[in-house]
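**Q** Dropping in data-v9.txt, which is compact mmCIF, C-alpha atoms:
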# COMPACT_ATOMS: atom_id res chain seq x y z
CA MET A 445 99.92 86.33 125.34
CA PRO A 446 96.79 84.18 124.90
CA ALA A 447 93.88 85.50 126.89
CA GLU A 448 91.74 83.17 129.02
CA SER A 449 92.93 80.12 127.15
CA GLY A 450 92.62 76.63 128.50
CA PRO A 451 95.33 74.18 129.37
CA VAL A 452 98.25 74.00 126.99
CA GLY A 453 98.51 70.69 125.17
CA ASP A 454 101.62 68.59 124.93
CA ALA A 455 102.57 70.29 121.65
CA GLY A 456 102.11 73.76 123.09
CA PHE A 457 98.71 74.33 121.49
CA ASP A 458 96.72 76.72 123.67
CA GLY A 459 93.58 77.14 121.57
CA SER A 460 94.53 80.46 119.98
CA LEU A 461 94.17 80.64 116.23
CA PRO A 462 97.31 80.14 114.14
CA ARG A 463 98.74 83.20 112.41
CA SER A 464 97.59 81.88 109.05
CA PHE A 465 94.12 83.03 110.10
CA LEU A 466 95.25 86.66 110.24
CA ARG A 467 94.64 87.48 106.62
CA PRO A 468 91.19 85.84 106.56
CA ALA A 469 90.33 87.58 109.83
CA LEU A 470 91.29 90.99 108.45
CA HIS A 471 89.26 90.41 105.31
CA ILE A 472 86.21 89.39 107.33
CA ALA A 473 86.55 92.36 109.70
CA LEU A 474 86.74 94.76 106.79
CA LEU A 475 83.46 93.40 105.41
CA ASP A 476 81.98 95.52 108.18
CA GLY A 477 83.40 98.74 106.74
CA ALA A 478 86.53 100.84 107.18
CA TRP A 479 88.84 100.18 110.15
CA HIS A 480 91.97 101.71 111.62
CA GLY A 481 95.08 99.66 112.35
CA TYR A 482 94.72 99.59 116.11
CA GLU A 483 91.02 98.70 115.89
CA LEU A 484 91.99 95.74 113.72
CA LEU A 485 94.58 94.67 116.29
CA GLU A 486 91.97 94.68 119.05
CA TYR A 487 89.58 92.75 116.81
CA VAL A 488 92.04 89.98 115.94
CA HIS A 489 92.88 89.55 119.63
CA ARG A 490 89.18 89.18 120.41
CA VAL A 491 88.74 86.46 117.82
CA GLY A 492 91.66 84.38 119.09
CA LEU A 493 94.70 85.67 117.22
CA SER A 494 96.35 86.60 120.48
CA SER A 495 99.92 86.30 119.24
CA VAL A 496 99.52 89.00 116.59
CA ASP A 497 101.03 92.38 117.42
CA LEU A 498 100.82 95.76 115.73
CA SER A 499 103.77 95.04 113.49
CA GLY A 500 101.96 91.98 112.14
CA ILE A 501 98.90 94.08 111.42
CA TYR A 502 101.02 96.70 109.65
CA ARG A 503 102.87 94.22 107.51
CA THR A 504 99.77 92.26 106.57
CA LEU A 505 97.80 95.38 105.68
CA ARG A 506 100.70 96.56 103.53
CA ALA A 507 100.76 93.19 101.78
CA MET A 508 97.00 93.27 101.27
CA GLU A 509 97.22 96.80 99.92
CA HIS A 510 99.95 95.73 97.57
CA ASP A 511 97.73 92.87 96.40
CA ARG A 512 94.95 95.40 95.72
CA VAL A 513 92.48 93.73 98.07
CA VAL A 514 92.64 96.66 100.48
CA ALA A 515 92.77 100.39 99.88
CA SER A 516 93.65 103.00 102.46
CA GLU A 517 93.63 106.71 102.96
CA TRP A 518 94.41 109.22 105.64
CA GLU A 519 91.52 110.24 107.83
CA ALA A 520 91.82 113.64 109.43
CA SER A 521 91.41 113.79 113.17
CA GLY A 522 90.25 116.89 114.96
CA SER A 523 92.61 116.56 117.91
CA GLY A 524 95.36 114.19 116.83
CA PRO A 525 97.43 113.27 113.81
CA PRO A 526 95.76 111.77 110.72
CA ARG A 527 95.15 108.03 110.90
CA ARG A 528 95.28 105.49 108.11
CA VAL A 529 91.88 103.92 107.46
CA TYR A 530 91.55 100.67 105.51
CA GLU A 531 88.71 99.19 103.49
CA LEU A 532 88.22 96.34 101.05
CA THR A 533 88.39 96.88 97.32
CA ASP A 534 86.05 95.00 94.97
CA ALA A 535 88.70 92.29 94.67
CA GLY A 536 88.95 92.27 98.45
CA LEU A 537 85.22 91.70 98.79
CA GLN A 538 85.50 88.62 96.60
CA SER A 539 88.46 87.39 98.64
CA ALA A 540 86.54 87.98 101.86
CA GLU A 541 83.64 85.91 100.61
CA SER A 542 86.03 83.09 99.75
CA TYR A 543 87.58 83.34 103.19
CA LEU A 544 84.16 83.21 104.82
CA ARG A 545 83.45 79.94 103.05
CA ALA A 546 86.87 78.57 104.00
CA VAL A 547 86.42 79.53 107.65
CA ALA A 548 82.95 77.95 107.69
CA THR A 549 84.50 74.77 106.32
CA ALA A 550 87.17 74.88 109.02
CA ARG A 551 84.49 75.34 111.66
CA GLY A 552 82.72 72.27 110.30
CA HIS A 553 85.89 70.25 110.65
CA LEU A 554 86.34 71.46 114.24
CA ASP A 555 82.72 70.61 115.05
CA ASP A 556 83.30 67.12 113.66
CA LEU A 557 86.41 66.82 115.77
CA LEU A 558 84.65 67.88 118.95
CA ALA A 559 81.53 65.81 118.28
CA VAL A 560 83.43 62.70 119.30
CA TYR A 561 83.73 63.85 122.91
CA LEU A 562 81.46 66.82 123.59
CA THR A 563 77.69 66.97 123.95
CA PRO A 564 75.83 69.40 121.65
CA SER A 565 75.41 71.91 124.51
CA GLU A 566 79.14 71.80 125.27
CA GLN A 567 79.96 72.31 121.62
CA ALA A 568 77.75 75.41 121.50
CA VAL A 569 79.86 77.21 124.14
CA GLY A 570 83.39 78.26 123.25
CA VAL A 571 86.43 78.31 125.48
CA ASN A 572 85.70 81.88 126.56
CA GLY A 573 82.02 81.22 127.16
CA VAL A 574 80.97 82.66 123.81
CA SER A 575 78.15 80.81 122.09
CA SER A 576 78.96 79.72 118.59
CA MET B 381 97.22 83.23 97.87
CA SER B 382 99.81 85.63 99.20
CA SER B 383 101.81 84.88 102.29
CA ASP B 384 102.08 87.24 105.22
CA SER B 385 105.85 87.40 104.96
CA PRO B 386 107.40 90.86 105.00
CA ARG B 387 107.33 91.99 101.39
CA GLU B 388 109.37 95.02 102.27
CA ALA B 389 112.45 92.92 102.94
CA VAL B 390 111.95 90.88 99.78
CA MET B 391 111.42 93.98 97.68
CA ALA B 392 114.36 95.96 99.01
CA PRO B 393 116.67 97.09 96.20
CA LYS B 394 120.18 95.76 96.02
CA SER B 395 122.07 98.84 94.88
CA PRO B 396 123.18 100.98 97.84
CA THR B 397 121.76 104.25 96.52
CA LEU B 398 118.28 102.91 95.88
CA ALA B 399 118.39 100.86 99.07
CA ALA B 400 118.92 104.03 101.06
CA LEU B 401 115.98 105.73 99.35
CA TYR B 402 113.85 102.65 99.82
CA TRP B 403 114.52 102.32 103.53
CA ARG B 404 114.09 106.06 104.05
CA SER B 405 110.62 105.74 102.58
CA GLU B 406 109.75 102.61 104.56
CA ILE B 407 111.04 103.99 107.85
CA LEU B 408 109.26 107.32 107.51
CA GLN B 409 106.02 105.58 106.51
CA VAL B 410 105.96 103.24 109.48
CA MET B 411 106.81 106.07 111.86
CA TYR B 412 104.04 108.22 110.44
CA TRP B 413 101.60 105.29 110.62
CA LEU B 414 102.46 104.61 114.26
CA ARG B 415 101.98 108.27 115.05
CA GLY B 416 98.49 108.14 113.55
CA GLU B 417 97.65 105.05 115.61
CA GLY B 418 98.53 106.93 118.76
CA PHE B 419 101.88 105.30 119.51
CA GLY B 420 103.95 108.42 119.10
CA ASP B 421 106.70 108.78 116.57
CA ILE B 422 109.69 107.33 118.39
CA VAL B 423 111.35 104.15 117.12
CA ASP B 424 114.48 102.16 117.66
CA ALA B 425 116.24 99.61 115.49
CA GLY B 426 114.38 96.69 117.08
CA LEU B 427 111.04 98.16 116.12
CA LEU B 428 112.18 98.54 112.53
CA GLU B 429 113.12 94.89 112.49
CA ARG B 430 109.65 93.86 113.67
CA PHE B 431 107.73 96.18 111.35
CA LEU B 432 109.87 96.18 108.25
CA GLY B 433 111.98 93.05 108.43
CA VAL B 434 115.22 95.00 108.09
CA ASP B 435 117.95 93.58 110.32
CA ALA B 436 118.32 95.84 113.35
CA ALA B 437 122.06 96.24 112.85
CA ILE B 438 121.45 97.48 109.33
CA GLY B 439 118.37 99.47 110.26
CA VAL B 440 120.27 101.62 112.73
CA THR B 441 122.62 102.77 109.98
CA TYR B 442 119.62 103.96 107.98
CA LEU B 443 118.22 105.68 111.07
CA GLU B 444 121.48 107.54 111.61
CA ARG B 445 121.50 108.52 107.96
CA LEU B 446 118.00 109.96 108.33
CA VAL B 447 119.22 111.99 111.30
CA SER B 448 122.01 113.43 109.15
CA GLU B 449 119.42 114.31 106.51
CA ALA B 450 117.23 116.02 109.15
CA TYR B 451 114.26 113.67 108.76
CA LEU B 452 114.76 112.33 112.29
CA VAL B 453 116.15 113.53 115.58
CA ALA B 454 118.09 111.11 117.78
CA ASP B 455 117.96 110.61 121.52
CA GLY B 456 120.33 107.79 122.38
CA PRO B 457 119.01 104.61 120.75
CA PHE B 458 115.64 106.25 120.00
CA PHE B 459 114.70 108.24 116.94
CA ALA B 460 111.79 110.65 116.45
CA LEU B 461 110.32 112.30 113.38
CA SER B 462 111.33 115.89 112.73
CA ASP B 463 108.88 118.30 111.11
CA LYS B 464 110.54 117.54 107.80
CA GLY B 465 110.23 113.79 108.47
CA ARG B 466 106.52 114.07 109.30
CA ALA B 467 105.81 115.88 106.05
CA GLU B 468 107.86 113.40 104.07
CA GLY B 469 106.29 110.38 105.81
CA ALA B 470 102.78 111.39 104.81
CA ALA B 471 103.83 112.05 101.25
CA GLU B 472 105.68 108.74 100.98
CA PHE B 473 102.69 106.78 102.20
CA ALA B 474 100.46 108.44 99.65
CA SER B 475 102.79 107.75 96.75
CA SER B 476 104.24 104.35 97.62
CA PHE B 477 101.63 102.30 95.84
CA ALA B 478 101.64 104.49 92.77
CA GLU B 479 105.27 103.40 92.36
CA LEU B 480 104.22 99.78 92.20
CA MET B 481 102.00 100.49 89.20
CA ARG B 482 104.95 100.98 86.88
CA PRO B 483 105.18 98.66 83.87
CA THR B 484 107.42 95.62 84.16
CA HIS B 485 109.61 93.80 81.70
CA GLY B 486 108.67 90.34 82.95
CA GLU B 487 112.09 88.91 83.72
CA CYS B 488 111.71 89.34 87.45
CA ASP B 489 108.79 89.50 89.79
CA ALA B 490 106.66 92.58 89.25
CA ASP B 491 107.84 93.90 92.61
CA CYS B 492 111.52 93.78 91.75
CA TRP B 493 113.38 97.05 91.99
CA CYS B 494 115.30 96.28 88.84
CA HIS B 495 112.46 98.04 87.05
CA GLN B 496 113.41 101.31 88.70
CA SER B 497 116.80 102.10 87.21
CA ALA B 498 119.61 100.78 85.04
CA GLU B 499 121.88 100.64 88.08
CA GLU B 500 119.41 98.49 89.98
CA ALA B 501 118.80 96.26 86.97
CA GLU B 502 122.54 95.61 86.77
CA ALA B 503 122.76 94.83 90.49
CA CYS B 504 119.73 92.57 90.27
CA SER B 505 121.14 90.69 87.31
CA ALA B 506 124.45 90.16 89.10
CA SER B 507 122.60 88.92 92.16
CA ARG B 508 120.59 86.44 90.09
CA HIS B 509 123.72 85.10 88.42
CA ARG B 510 125.41 84.63 91.78
CA HIS B 511 122.33 82.81 93.06
CA GLU B 512 122.25 80.53 90.01
CA HIS B 513 125.92 79.66 90.41
CA GLU B 514 125.41 78.83 94.07
CA HIS B 515 122.81 76.27 93.08
CA GLU B 516 124.55 74.77 90.08
CA THR B 517 125.96 71.94 92.18
CA ASP B 518 122.77 71.49 94.13
CA PRO B 519 119.91 71.61 91.63
CA ALA B 520 116.37 71.81 92.92
CA PRO B 521 114.67 68.41 92.76
CA TYR B 522 111.53 69.94 91.27
CA PRO B 523 110.85 72.84 88.90
CA LYS B 524 109.65 75.99 90.67
CA GLY B 525 106.09 75.58 91.88
CA SER B 526 105.82 71.88 91.09
CA ALA B 527 107.09 70.36 94.32
CA PRO B 528 104.62 67.94 95.88
CA ASP B 529 103.80 70.35 98.70
CA ALA B 530 103.77 73.49 96.52
CA ARG B 531 100.56 75.47 96.80
Kindly transcribe the structure held in the file into structure tokens.
**A**
Amino acid sequence: MPAESGPVGDAGFDGSLPRSFLRPALHIALLDGAWHGYELLEYVHRVGLSSVDLSGIYRTLRAMEHDRVVASEWEASGSGPPRRVYELTDAGLQSAESYLRAVATARGHLDDLLAVYLTPSEQAVGVNGVSS
Amino acid sequence: MSSDSPREAVMAPKSPTLAALYWRSEILQVMYWLRGEGFGDIVDAGLLERFLGVDAAIGVTYLERLVSEAYLVADGPFFALSDKGRAEGAAEFASSFAELMRPTHGECDADCWCHQSAEEAEACSASRHRHEHEHETDPAPYPKGSAPDAR
């Protein structure tokens, strides 16, 4: 369920990011270091991938691991069961850098789109009040 | 660039014996993973469909098989890891990607299970032939990968 999204357009677009952003988003998150599955789920919801659920995270991480852009290992927990922790491989770092450039390009296109109607100050504030 | 489609379903072997081993591994892995993420270790067939792409009606037969093999315990439509299943789930996760490193003969995709056994190679070959015959009267308008919208 999209969180705090604006009005839904006539084609059902509610401002959340399409699922094709999931893989780039996971790459970019993992630039920050090693993450657990549930942490990644919370992250992708925060950045607008509100339709993604834990099964999507699991399947995408498995695919990324298969493609050798992510490696994972069990991390022992003092009180609970071991958790799988994921981090980028060298190939994954290169992919993440490519995704960063692609996302920056996409942002440029969106800025161009909004520039027709919004003032610069309106463009600087996102739907959820987050400055870009 | 790879898609986010469920590879597990695409990679599933076609011979019944290997398919059972494959789904045992996949089911135990996802249950062990969910347990680590704090969601417990109880699943039903619908969850398997979402996580693994296996049709729920088929998935439940594999779940019941795992109960008979003492990897799972059943409670109505729900299934939980046994001690044996927990141990096996961790081991499967650790070894699953080592399996994918095996050399390939190049006829199929590197992920194809036909590289795993003669039985699977035979089943895979039969499946390919059936697929080719199905398309003989309806040839693709473009060679693979060369369609105008192919990426």
**Q** Considering all atoms listed in the file, can you say which of B:Ala436, B:Leu414, B:Leu443, B:Ile422 comes closest to chain A?
**A** B:Leu414
**Q** Quick one: 4 Å padding each side, axis-aligned, all listed atoms of stretch 553-561 of chain A - centre and edge lengths in Å to one decimal, as AutoDock Vina command-line options?
**A**
--center_x 84.0 --center_y 67.1 --center_z 116.8 --size_x 12.9 --size_y 16.8 --size_z 20.3
**Q** Just want the 9 Å neighbourhood of A:Ser539, counted on only C-alpha atoms, with same-chain residues fewer than 3 positions away dropped. Output as JSON, numbers by chain.
**A** {"A": [468, 471, 513, 534, 535, 536, 542, 543, 544]}
**Q** I'd like to know which of A:Arg490, A:Arg551, A:Arg512, A:Arg527 is closest to chain B, using only C-alpha atoms.
**A**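 Nearest candidate to chain B out of A:Arg490, A:Arg551, A:Arg512, A:Arg527: A:Arg527.
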**Q** Can you tell me how far atom CA of B:Asp435 sits from atom CA of B:Leu401, in Å to one decimal?
**A**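 Separating atom CA of B:Asp435 from atom CA of B:Leu401 is a distance of 16.5 Å.
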**Q** State, in Å with one decimal place, the distance from atom CA of B:Thr397 to atom CA of B:Tyr412.
**A**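 Separation between atom CA of B:Thr397 and atom CA of B:Tyr412: 22.9 Å.
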**Q** Pick out the closest residue to B:Ala400 from this set: B:Gly469, B:Gly439, B:Pro457, B:Gly433. Count all atoms listed in the file.
**A**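 Once distances to B:Ala400 are computed over all atoms listed in the file, the minimum belongs to B:Gly439.
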**Q** From the list A:Tyr561, A:Asp511, A:Ile501, A:Glu519, which residue is nearest A:Tyr487 when using all atoms listed in the file?
**A** A:Ile501
**Q** Counting all atoms listed in the file, collect the residues of chain A whose closest atom lies at most 12 Å from chain B, and write them out as a PyMOL selection string.
**A** chain A and resi 463-468+470+479-485+496-521+523-529+539+542-543
**Q** Please, what distance in Å, to one decimal, runs between atom CA of A:Glu486 and atom CA of B:Val423?
**A**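 Calculated distance between atom CA of A:Glu486 and atom CA of B:Val423 is 21.7 Å.
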**Q** In terms of the shortest atom-to-atom distance over all atoms listed in the file, which of A:Val488, A:Ile472, A:Ala478, A:Leu493 is closest to A:Ala540?
**A**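 For A:Ala540, the nearest of the given residues is A:Ile472.
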